[in-house]
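Note: the block below is run_27.cif and it holds mmCIF, C-alpha atoms.
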data_structure
loop_
_atom_site.group_PDB
_atom_site.id
_atom_site.type_symbol
_atom_site.label_atom_id
_atom_site.label_comp_id
_atom_site.auth_asym_id
_atom_site.auth_seq_id
_atom_site.Cartn_x
_atom_site.Cartn_y
_atom_site.Cartn_z
ATOM 1 C CA MET V 1 11.517 -2.904 -6.492
ATOM 2 C CA ASP V 2 8.241 -3.726 -8.203
ATOM 3 C CA ILE V 3 6.542 -4.667 -4.934
ATOM 4 C CA PHE V 4 7.595 -1.393 -3.305
ATOM 5 C CA GLN V 5 6.260 0.602 -6.271
ATOM 6 C CA ASN V 6 2.999 -1.347 -6.036
ATOM 7 C CA VAL V 7 2.731 -0.388 -2.352
ATOM 8 C CA VAL V 8 3.324 3.270 -3.234
ATOM 9 C CA ASP V 9 0.693 3.137 -5.993
ATOM 10 C CA LEU V 10 -1.852 1.350 -3.772
ATOM 11 C CA ALA V 11 -1.357 3.885 -0.974
ATOM 12 C CA GLU V 12 -1.850 6.794 -3.387
ATOM 13 C CA VAL V 13 -5.065 5.296 -4.759
ATOM 14 C CA ILE V 14 -6.401 4.595 -1.259
ATOM 15 C CA ARG V 15 -5.639 8.173 -0.181
ATOM 16 C CA GLN V 16 -7.403 9.512 -3.284
ATOM 17 C CA LEU V 17 -10.466 7.350 -2.627
ATOM 18 C CA ARG V 18 -10.635 8.685 0.944
ATOM 19 C CA LYS V 19 -10.368 12.281 -0.338
ATOM 20 C CA GLU V 20 -13.315 11.557 -2.639
ATOM 21 C CA GLY V 21 -15.371 10.426 0.352
ATOM 22 C CA TYR V 22 -15.172 6.658 0.008
ATOM 23 C CA THR V 23 -14.964 4.559 3.152
ATOM 24 C CA VAL V 24 -11.882 2.351 3.349
ATOM 25 C CA ASN V 25 -12.287 -0.602 5.709
ATOM 26 C CA PRO V 26 -9.434 -2.632 7.197
ATOM 27 C CA GLU V 27 -11.180 -5.770 5.891
ATOM 28 C CA ASP V 28 -10.935 -4.412 2.340
ATOM 29 C CA LEU V 29 -7.275 -3.512 2.785
ATOM 30 C CA SER V 30 -6.472 -6.978 4.107
ATOM 31 C CA ALA V 31 -7.474 -8.420 0.720
ATOM 32 C CA LEU V 32 -4.959 -6.266 -1.169
ATOM 33 C CA SER V 33 -1.482 -7.464 -1.972
ATOM 34 C CA PRO V 34 1.362 -5.695 -3.768
ATOM 35 C CA TYR V 35 2.727 -9.068 -4.864
ATOM 36 C CA LEU V 36 1.823 -9.854 -8.485
ATOM 37 C CA THR V 37 0.890 -13.443 -9.270
ATOM 38 C CA GLU V 38 -0.157 -13.086 -12.922
ATOM 39 C CA HIS V 39 0.781 -11.032 -15.991
ATOM 40 C CA ILE V 40 4.349 -10.920 -14.721
ATOM 41 C CA LYS V 41 6.967 -9.630 -17.131
ATOM 42 C CA ARG V 42 10.067 -11.549 -16.152
ATOM 43 C CA PHE V 43 12.507 -8.822 -17.140
ATOM 44 C CA GLY V 44 10.007 -5.942 -16.955
ATOM 45 C CA ASP V 45 10.233 -2.448 -18.358
ATOM 46 C CA TYR V 46 12.369 -0.551 -15.896
ATOM 47 C CA VAL V 47 12.580 3.155 -16.636
ATOM 48 C CA ILE V 48 14.883 5.229 -14.466
ATOM 49 C CA ASP V 49 14.637 9.006 -14.699
ATOM 50 C CA LEU V 50 17.835 10.365 -13.186
ATOM 51 C CA GLU V 51 16.633 13.941 -13.703
ATOM 52 C CA LYS V 52 13.565 13.544 -11.483
ATOM 53 C CA GLN V 53 14.165 13.859 -7.743
ATOM 54 C CA SER V 54 12.307 11.201 -5.783
ATOM 55 C CA GLN V 55 9.991 12.198 -2.972
ATOM 56 C CA PRO V 56 9.967 10.513 0.431
ATOM 57 C CA PHE V 57 7.224 7.913 0.808
ATOM 58 C CA ASP V 58 4.814 8.142 3.738
ATOM 59 C CA GLY V 59 3.542 4.600 4.236
ATOM 60 C CA LYS V 60 1.009 5.517 6.928
ATOM 61 C CA LEU V 61 -2.581 5.632 5.688
ATOM 62 C CA LYS V 62 -3.990 7.085 8.949
ATOM 63 C CA LEU V 63 -7.345 5.277 8.824
ATOM 64 C CA GLU V 64 -10.043 6.061 11.324
ATOM 65 C CA LEU V 65 -11.011 2.658 12.665
ATOM 66 C CA GLU V 66 -14.332 2.020 14.316
ATOM 67 C CA SER V 67 -14.170 0.338 17.699
ATOM 68 C CA ALA V 68 -16.756 -2.349 18.430
#

Translate the structure described by the file into structure tokens.
Amino acid sequence: MDIFQNVVDLAEVIRQLRKEGYTVNPEDLSALSPYLTEHIKRFGDYVIDLEKQSQPFDGKLKLELESA
């Protein structure tokens, strides 16, 4: 579950950067990973809000890639 949430968070940040006018390159994205390798909390802090309805996740970033 943590990895999926990391993907959601990364996608939201990338979308926000693009809205602010930053260029997002595929090379930069290839260096990102949702898999944590340090500062791992073995049992974590898992908070579940049963009152909040979850929204569907759109995993497509729709990047405009330059062709060489």

Checklist outcome for this item: Students should find that atom CA of V:Gly59 and atom CA of V:Tyr22 are spaced 19.3 Å

Item to check | Using only C-alpha atoms: which of V:Asp49, V:Asp58, V:Asp2, V:Asp9 has the shortest distance to V:Leu32 | outcome: V:Asp9

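In this structure, atom CA of V:Pro26 sits 28.9 Å away from atom CA of V:Ser54.
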
Checklist entry - Which value, in Å to one decimal, gives the distance between atom CA of V:Ser30 and atom CA of V:Leu61? => result 13.3 Å

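Against this structure, the PyMOL selection byres ((chain V and resi 24) around 12) ends up with V:Ala11, V:Val13, V:Ile14, V:Arg15, V:Gln16, V:Leu17, V:Arg18, V:Lys19, V:Glu20, V:Gly21, V:Tyr22, V:Thr23, V:Asn25, V:Pro26, V:Glu27, V:Asp28, V:Leu29, V:Ser30, V:Ala31, V:Leu32, V:Leu61, V:Lys62, V:Leu63, V:Glu64, V:Leu65, V:Glu66.
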